[in-house]
Number of protein chains: 2
Amino acid sequence: MSPHDVQEAVRQTYQAYLTRHGLKSTVQREIIIKRFVKSRGHLSADELYAALREEHPSIGLATIYRTLKILTEAGIAREQRFNDGFTRYEFNGPDDRHHDHLVCTACGRVEEFENREIERLQEEVANIHGFAINDHKLELYGLCPDCARSGRNVG
Amino acid sequence: MSPHDVQEAVRQTYQAYLTRHGLKSTVQREIIIKRFVKSRGHLSADELYAALREEHPSIGLATIYRTLKILTEAGIAREQRFNDGFTRYEFNGPDDRHHDHLVCTACGRVEEFENREIERLQEEVANIHGFAINDHKLELYGLCPDCARSGRNVG
DNA sequence: TTCCAATTGAGAACAGAAGTCAAATCAACC
DNA sequence: GGTTGATTTGACTTCTGTTCTCAATTGGAA
């Protein structure tokens with residue numbers, strides 16, 4: 001899927017969500033969403049706010065929070081709480097599968113991975129305990145190659 | 001290990017930590033720790049505060065937080081942040097191995113599990129990405145048997 | 001017992017997130 | 001295109017879990 005197709009697919013999902021909930025499309029939301037989709041990283045509301053401040057200084061932090069909430073409810077974004085105290089939002093593209101995270105405890109870098117075998121074992125564990133799983137979270141914390149090499153160990 | 005032995009082992013670890021860091025033993029800390037070890041569950045600071053309020057109304061919430069921090073640093077407690085917004089502390093007994101959690105999204109019940117095979121696969125993933133892992137977090141969210149049966153789905 | 005650093009409880013301070021509200025904006029209708 | 005009314009905005013306040021501050025108290029080595 002090309003970046004343009006992705007933007008288009010997101011736009012459709014977003015519009016459908018607005019219509020379904022009687023919400024309106026606004027220029028602020030357009031700007032925020034475009035920027036969010038472009039930077040596929042794991043952004044916090046504050047980081048997104050900072051990223052937009054230069055070009056669009058009038059957009060308030062509250063609007064960022066509200067838009068990210070809409071995106072989350074529309075299934076376009078996913079909330080991620082790592083161990084640094086605040087919520088990050090990751091882009092959940094139209095053809096993205098579930099994945100988990102490797103988090104560097106020194107530089108904060110986040111890498112994604114997917115492992116079908118681990119997921120299968122999780123199902124197995126849930127079955128044994130009689131739980132009906134509908135979500136899970138797996139995070140591996142440690143040093144990324146760069147930080148391990150340079151001997152860093154704090155953020 | 002009998003409950004008494006556990007209390008004794010914890011006491012020793014705790015005392016060693018105090019000595020090593022030039023800290024003092026106080027009655028408040030004794031009370032908090034005894035209660036914390038007794039209830040092996042996944043308590044938040046506020047829940048512990050509430051549990052102690054009746055018998056020891058003079059103990060402040062700040063002291064609970066401070067004591068839990070000491071216990072965490074001494075390796076007796078472990079911080080757990082599930083998705084309900086606040087920190088829970090779980091007892092990390094002298095002979096406890098690492099384990100992960102099944103969390104019921106309806107009633108909040110937490111069950112522990114251990115799976116060597118999953119841990120092995122995690123190591124494998126980390127190796128492929130060149131990360132040096134020193135911690136991880138695996139949480140499975142869903143409905144516990146009771147809540148699934150009774151059709152509950154909210155907390 | 002004396003003495004001083006560590007600890008306490010109460011309340012203030014903090015930070016991320018969410019709520020409030022008057023002014024601005026969107027979009028359906030004429 | 002203009003009118004209209006509900007939605008949205010940004011600035012601000014509020015909320016909540018957690019940490020800090022500080023004067024008063026306590027622990028324990030000498």
# chains A, B, ... in the order shown; residues from 1 in each chain; ligands from 1
call {"tool": "select_by_dssp", "arguments": {"residues": "chain B", "states": "helix (DSSP H, G or I)", "output": "count of residues only"}}
result
73
call {"tool": "interface_residues", "arguments": {"of": "chain A", "to": "chain C", "cutoff": "12 Å", "atoms": "only C-alpha atoms (C1' of nucleotides)", "output": "ChimeraX atom specification"}}
result
/A:22-28,44-46,61-66,69,84-88
call {"tool": "interface_residues", "arguments": {"of": "chain D", "to": "chain B", "cutoff": "9 Å", "atoms": "only C-alpha atoms (C1' of nucleotides)", "output": "PyMOL selection string"}}
result
chain D and resi 17-19+26-28
call {"tool": "interface_residues", "arguments": {"of": "chain B", "to": "chain A", "cutoff": "6 Å", "atoms": "only C-alpha atoms", "output": "compact mmCIF listing (two decimals) with C-alpha atoms, in the first residue's frame"}}
result
# COMPACT_ATOMS: atom_id res chain seq x y z
CA ILE B 118 7.29 -17.89 25.97
CA GLY B 130 20.19 -7.08 18.84
CA PHE B 131 18.56 -5.95 22.09
CA ALA B 132 19.95 -6.91 25.49
CA ILE B 133 16.80 -7.53 27.49
CA ASN B 134 16.75 -7.08 31.23
CA ASP B 135 13.03 -6.96 31.90
CA HIS B 136 9.75 -7.69 30.25
CA LYS B 137 6.05 -7.36 30.74
CA LEU B 138 3.38 -9.65 29.40
CA GLU B 139 -0.25 -9.05 30.20
CA LEU B 140 -3.25 -10.86 28.78
CA TYR B 141 -6.52 -8.93 29.01
CA GLY B 142 -9.93 -10.55 28.79
CA LEU B 143 -12.76 -12.04 30.79
CA CYS B 144 -12.13 -14.39 33.68
CA PRO B 145 -14.25 -17.57 33.80
call {"tool": "residues_around", "arguments": {"residues": "range 52-58 of chain A", "least_positions_apart": "3", "cutoff": "9 Å", "atoms": "only C-alpha atoms (C1' of nucleotides)", "output": "short mmCIF file (atom, residue, chain, number, x, y, z; two decimals) with all heavy atoms, in the first residue's frame"}}
result
data_model
loop_
_atom_site.label_atom_id
_atom_site.label_comp_id
_atom_site.auth_asym_id
_atom_site.auth_seq_id
_atom_site.Cartn_x
_atom_site.Cartn_y
_atom_site.Cartn_z
N GLN A 28 -8.52 21.68 12.04
CA GLN A 28 -7.56 21.24 13.06
C GLN A 28 -7.40 19.73 13.05
O GLN A 28 -6.29 19.20 13.07
CB GLN A 28 -8.01 21.68 14.45
CG GLN A 28 -7.90 23.17 14.71
CD GLN A 28 -9.16 23.92 14.33
OE1 GLN A 28 -9.95 23.45 13.50
NE2 GLN A 28 -9.36 25.09 14.91
N ILE A 31 -5.36 18.52 10.10
CA ILE A 31 -3.92 18.77 10.28
C ILE A 31 -3.31 17.75 11.23
O ILE A 31 -2.27 17.16 10.96
CB ILE A 31 -3.69 20.20 10.83
CG1 ILE A 31 -4.06 21.23 9.75
CG2 ILE A 31 -2.26 20.38 11.29
CD1 ILE A 31 -4.19 22.65 10.26
N ILE A 32 -3.98 17.55 12.35
CA ILE A 32 -3.46 16.62 13.36
C ILE A 32 -3.35 15.21 12.79
O ILE A 32 -2.34 14.53 12.95
CB ILE A 32 -4.37 16.63 14.60
CG1 ILE A 32 -4.29 17.99 15.30
CG2 ILE A 32 -3.97 15.52 15.56
CD1 ILE A 32 -5.36 18.22 16.35
N ARG A 35 -0.55 14.75 10.18
CA ARG A 35 0.77 14.70 10.83
C ARG A 35 0.96 13.38 11.57
O ARG A 35 2.04 12.78 11.56
CB ARG A 35 0.88 15.86 11.81
CG ARG A 35 2.28 16.10 12.36
CD ARG A 35 3.17 16.66 11.25
NE ARG A 35 4.52 16.97 11.75
CZ ARG A 35 5.43 16.05 12.04
NH1 ARG A 35 5.15 14.78 11.86
NH2 ARG A 35 6.61 16.39 12.48
N GLU A 47 4.21 15.39 22.37
CA GLU A 47 5.17 15.40 21.26
C GLU A 47 4.50 15.84 19.96
O GLU A 47 5.06 16.58 19.16
CB GLU A 47 5.78 14.00 21.08
CG GLU A 47 6.82 13.67 22.14
CD GLU A 47 7.17 12.19 22.18
OE1 GLU A 47 6.44 11.38 21.57
OE2 GLU A 47 8.16 11.84 22.83
N LEU A 48 3.28 15.38 19.77
CA LEU A 48 2.53 15.78 18.59
C LEU A 48 2.23 17.29 18.63
O LEU A 48 2.34 17.99 17.62
CB LEU A 48 1.22 14.97 18.54
CG LEU A 48 0.38 14.98 17.25
CD1 LEU A 48 1.23 14.74 16.02
CD2 LEU A 48 -0.70 13.91 17.35
N TYR A 49 1.91 17.76 19.81
CA TYR A 49 1.65 19.18 20.03
C TYR A 49 2.89 19.99 19.65
O TYR A 49 2.81 20.98 18.92
CB TYR A 49 1.29 19.38 21.49
CG TYR A 49 1.04 20.81 21.91
CD1 TYR A 49 0.03 21.56 21.31
CD2 TYR A 49 1.78 21.38 22.93
CE1 TYR A 49 -0.20 22.87 21.71
CE2 TYR A 49 1.55 22.68 23.34
CZ TYR A 49 0.56 23.42 22.73
OH TYR A 49 0.32 24.70 23.12
P DG D 10 -7.65 24.81 18.50
OP1 DG D 10 -6.71 25.21 17.43
OP2 DG D 10 -7.55 23.48 19.11
"O5'" DG D 10 -7.57 25.89 19.66
"C5'" DG D 10 -7.71 27.26 19.37
"C4'" DG D 10 -7.73 28.05 20.66
"O4'" DG D 10 -8.89 27.65 21.44
"C3'" DG D 10 -6.52 27.83 21.57
"O3'" DG D 10 -6.22 29.07 22.18
"C2'" DG D 10 -7.02 26.80 22.58
"C1'" DG D 10 -8.48 27.20 22.72
N9 DG D 10 -9.39 26.12 23.09
C8 DG D 10 -9.29 24.79 22.75
N7 DG D 10 -10.28 24.07 23.20
C5 DG D 10 -11.09 24.97 23.88
C6 DG D 10 -12.31 24.77 24.58
O6 DG D 10 -12.94 23.73 24.74
N1 DG D 10 -12.79 25.96 25.12
C2 DG D 10 -12.19 27.18 25.01
N2 DG D 10 -12.80 28.20 25.60
N3 DG D 10 -11.04 27.37 24.35
C4 DG D 10 -10.56 26.23 23.82
#
call {"tool": "atom_distance", "arguments": {"atom1": "CA of Arg29 in chain B", "atom2": "CA of Thr67 in chain B"}}
result
6.3 Å
call {"tool": "closest_residue", "arguments": {"among": "B:Arg97, B:Arg109, B:Arg149, B:Ile76", "to": "Ile33 in chain B", "atoms": "only C-alpha atoms"}}
result
B:Ile76
call {"tool": "atom_distance", "arguments": {"atom1": "CA of Pro94 in chain B", "atom2": "CA of Thr72 in chain B"}}
result
13.3 Å
call {"tool": "decode", "arguments": {"residues": "range 10-26 of chain C", "atoms": "N, CA, C and O atoms (P, O5', C5', C4', C3', O3' and C1' of nucleotides)", "output": "PDB file, in the first residue's frame"}}
result
ATOM      1  P    DA C  10      -2.427  13.249  59.221  1.00  0.00           P
ATOM      2  O5'  DA C  10      -2.286  14.673  58.515  1.00  0.00           O
ATOM      3  C5'  DA C  10      -1.894  15.790  59.318  1.00  0.00           C
ATOM      4  C4'  DA C  10      -1.713  17.000  58.428  1.00  0.00           C
ATOM      5  C3'  DA C  10      -2.790  17.149  57.359  1.00  0.00           C
ATOM      6  O3'  DA C  10      -3.346  18.454  57.435  1.00  0.00           O
ATOM      7  C1'  DA C  10      -0.610  17.168  56.379  1.00  0.00           C
ATOM      8  P    DG C  11      -4.541  18.892  56.447  1.00  0.00           P
ATOM      9  O5'  DG C  11      -3.803  19.773  55.355  1.00  0.00           O
ATOM     10  C5'  DG C  11      -2.772  20.682  55.766  1.00  0.00           C
ATOM     11  C4'  DG C  11      -1.908  21.010  54.572  1.00  0.00           C
ATOM     12  C3'  DG C  11      -2.701  21.326  53.298  1.00  0.00           C
ATOM     13  O3'  DG C  11      -2.262  22.563  52.790  1.00  0.00           O
ATOM     14  C1'  DG C  11      -0.993  19.756  52.857  1.00  0.00           C
ATOM     15  P    DA C  12      -2.863  23.197  51.439  1.00  0.00           P
ATOM     16  O5'  DA C  12      -1.562  23.429  50.546  1.00  0.00           O
ATOM     17  C5'  DA C  12      -0.354  23.870  51.175  1.00  0.00           C
ATOM     18  C4'  DA C  12       0.795  23.679  50.208  1.00  0.00           C
ATOM     19  C3'  DA C  12       0.500  24.181  48.793  1.00  0.00           C
ATOM     20  O3'  DA C  12       1.662  24.816  48.290  1.00  0.00           O
ATOM     21  C1'  DA C  12       0.995  21.869  48.733  1.00  0.00           C
ATOM     22  P    DA C  13       1.745  25.324  46.771  1.00  0.00           P
ATOM     23  O5'  DA C  13       2.387  24.088  46.013  1.00  0.00           O
ATOM     24  C5'  DA C  13       3.668  23.607  46.414  1.00  0.00           C
ATOM     25  C4'  DA C  13       4.134  22.564  45.422  1.00  0.00           C
ATOM     26  C3'  DA C  13       3.952  22.954  43.951  1.00  0.00           C
ATOM     27  O3'  DA C  13       5.141  22.615  43.280  1.00  0.00           O
ATOM     28  C1'  DA C  13       2.918  20.875  44.365  1.00  0.00           C
ATOM     29  P    DC C  14       5.423  23.132  41.773  1.00  0.00           P
ATOM     30  O5'  DC C  14       5.156  21.813  40.925  1.00  0.00           O
ATOM     31  C5'  DC C  14       5.902  20.631  41.219  1.00  0.00           C
ATOM     32  C4'  DC C  14       5.271  19.446  40.542  1.00  0.00           C
ATOM     33  C3'  DC C  14       4.851  19.684  39.093  1.00  0.00           C
ATOM     34  O3'  DC C  14       5.835  19.120  38.240  1.00  0.00           O
ATOM     35  C1'  DC C  14       3.300  18.316  40.327  1.00  0.00           C
ATOM     36  P    DA C  15       5.803  19.476  36.661  1.00  0.00           P
ATOM     37  O5'  DA C  15       5.023  18.242  36.041  1.00  0.00           O
ATOM     38  C5'  DA C  15       5.414  16.911  36.383  1.00  0.00           C
ATOM     39  C4'  DA C  15       4.465  15.956  35.709  1.00  0.00           C
ATOM     40  C3'  DA C  15       4.084  16.398  34.295  1.00  0.00           C
ATOM     41  O3'  DA C  15       3.980  15.274  33.462  1.00  0.00           O
ATOM     42  C1'  DA C  15       2.146  16.254  35.640  1.00  0.00           C
ATOM     43  P    DG C  16       3.887  15.501  31.870  1.00  0.00           P
ATOM     44  O5'  DG C  16       2.699  14.533  31.474  1.00  0.00           O
ATOM     45  C5'  DG C  16       2.628  13.231  32.042  1.00  0.00           C
ATOM     46  C4'  DG C  16       1.199  12.774  32.015  1.00  0.00           C
ATOM     47  C3'  DG C  16       0.500  12.951  30.668  1.00  0.00           C
ATOM     48  O3'  DG C  16      -0.216  11.765  30.394  1.00  0.00           O
ATOM     49  C1'  DG C  16      -0.720  14.060  32.364  1.00  0.00           C
ATOM     50  P    DA C  17      -0.952  11.567  29.008  1.00  0.00           P
ATOM     51  O5'  DA C  17      -2.438  11.977  29.392  1.00  0.00           O
ATOM     52  C5'  DA C  17      -3.079  11.236  30.432  1.00  0.00           C
ATOM     53  C4'  DA C  17      -4.386  11.891  30.793  1.00  0.00           C
ATOM     54  C3'  DA C  17      -5.328  12.151  29.614  1.00  0.00           C
ATOM     55  O3'  DA C  17      -6.520  11.409  29.826  1.00  0.00           O
ATOM     56  C1'  DA C  17      -5.206  14.017  31.086  1.00  0.00           C
ATOM     57  P    DA C  18      -7.704  11.447  28.782  1.00  0.00           P
ATOM     58  O5'  DA C  18      -8.739  12.437  29.488  1.00  0.00           O
ATOM     59  C5'  DA C  18      -9.161  12.133  30.807  1.00  0.00           C
ATOM     60  C4'  DA C  18     -10.067  13.216  31.312  1.00  0.00           C
ATOM     61  C3'  DA C  18     -11.206  13.583  30.354  1.00  0.00           C
ATOM     62  O3'  DA C  18     -12.396  13.689  31.098  1.00  0.00           O
ATOM     63  C1'  DA C  18      -9.997  15.511  30.954  1.00  0.00           C
ATOM     64  P    DG C  19     -13.785  14.051  30.426  1.00  0.00           P
ATOM     65  O5'  DG C  19     -14.174  15.442  31.102  1.00  0.00           O
ATOM     66  C5'  DG C  19     -14.225  15.531  32.525  1.00  0.00           C
ATOM     67  C4'  DG C  19     -14.468  16.966  32.935  1.00  0.00           C
ATOM     68  C3'  DG C  19     -15.668  17.613  32.238  1.00  0.00           C
ATOM     69  O3'  DG C  19     -16.392  18.366  33.203  1.00  0.00           O
ATOM     70  C1'  DG C  19     -13.702  18.880  31.824  1.00  0.00           C
ATOM     71  P    DT C  20     -17.733  19.174  32.760  1.00  0.00           P
ATOM     72  O5'  DT C  20     -17.187  20.653  32.530  1.00  0.00           O
ATOM     73  C5'  DT C  20     -16.537  21.325  33.599  1.00  0.00           C
ATOM     74  C4'  DT C  20     -16.481  22.816  33.311  1.00  0.00           C
ATOM     75  C3'  DT C  20     -17.719  23.388  32.615  1.00  0.00           C
ATOM     76  O3'  DT C  20     -17.986  24.666  33.175  1.00  0.00           O
ATOM     77  C1'  DT C  20     -15.806  23.795  31.286  1.00  0.00           C
ATOM     78  P    DC C  21     -19.433  25.388  32.884  1.00  0.00           P
ATOM     79  O5'  DC C  21     -19.067  26.509  31.804  1.00  0.00           O
ATOM     80  C5'  DC C  21     -17.961  27.387  32.056  1.00  0.00           C
ATOM     81  C4'  DC C  21     -17.735  28.265  30.849  1.00  0.00           C
ATOM     82  C3'  DC C  21     -19.000  28.560  30.034  1.00  0.00           C
ATOM     83  O3'  DC C  21     -18.957  29.899  29.584  1.00  0.00           O
ATOM     84  C1'  DC C  21     -17.367  27.609  28.660  1.00  0.00           C
ATOM     85  P    DA C  22     -20.375  30.732  29.352  1.00  0.00           P
ATOM     86  O5'  DA C  22     -19.893  31.945  28.451  1.00  0.00           O
ATOM     87  C5'  DA C  22     -18.702  32.663  28.787  1.00  0.00           C
ATOM     88  C4'  DA C  22     -17.886  32.935  27.529  1.00  0.00           C
ATOM     89  C3'  DA C  22     -18.668  33.591  26.397  1.00  0.00           C
ATOM     90  O3'  DA C  22     -17.826  34.546  25.748  1.00  0.00           O
ATOM     91  C1'  DA C  22     -17.790  31.545  25.643  1.00  0.00           C
ATOM     92  P    DA C  23     -18.384  35.485  24.517  1.00  0.00           P
ATOM     93  O5'  DA C  23     -17.536  34.937  23.281  1.00  0.00           O
ATOM     94  C5'  DA C  23     -16.102  34.952  23.357  1.00  0.00           C
ATOM     95  C4'  DA C  23     -15.541  34.225  22.155  1.00  0.00           C
ATOM     96  C3'  DA C  23     -16.068  34.723  20.798  1.00  0.00           C
ATOM     97  O3'  DA C  23     -14.977  34.794  19.894  1.00  0.00           O
ATOM     98  C1'  DA C  23     -16.451  32.397  21.005  1.00  0.00           C
ATOM     99  P    DA C  24     -15.212  35.248  18.334  1.00  0.00           P
ATOM    100  O5'  DA C  24     -15.006  33.896  17.531  1.00  0.00           O
ATOM    101  C5'  DA C  24     -13.789  33.162  17.715  1.00  0.00           C
ATOM    102  C4'  DA C  24     -13.861  31.852  16.967  1.00  0.00           C
ATOM    103  C3'  DA C  24     -14.202  31.983  15.480  1.00  0.00           C
ATOM    104  O3'  DA C  24     -13.297  31.176  14.756  1.00  0.00           O
ATOM    105  C1'  DA C  24     -15.689  30.465  16.522  1.00  0.00           C
ATOM    106  P    DT C  25     -13.387  31.140  13.117  1.00  0.00           P
ATOM    107  O5'  DT C  25     -14.110  29.745  12.883  1.00  0.00           O
ATOM    108  C5'  DT C  25     -13.568  28.563  13.475  1.00  0.00           C
ATOM    109  C4'  DT C  25     -14.461  27.389  13.140  1.00  0.00           C
ATOM    110  C3'  DT C  25     -14.815  27.266  11.663  1.00  0.00           C
ATOM    111  O3'  DT C  25     -14.527  25.938  11.277  1.00  0.00           O
ATOM    112  C1'  DT C  25     -16.741  27.079  12.994  1.00  0.00           C
ATOM    113  P    DC C  26     -14.376  25.557   9.714  1.00  0.00           P
ATOM    114  O5'  DC C  26     -15.566  24.538   9.520  1.00  0.00           O
ATOM    115  C5'  DC C  26     -15.542  23.316  10.266  1.00  0.00           C
ATOM    116  C4'  DC C  26     -16.952  22.758  10.338  1.00  0.00           C
ATOM    117  C3'  DC C  26     -17.551  22.415   8.982  1.00  0.00           C
ATOM    118  O3'  DC C  26     -17.841  21.024   8.977  1.00  0.00           O
ATOM    119  C1'  DC C  26     -19.093  23.634  10.352  1.00  0.00           C
TER     120       DC C  26
END
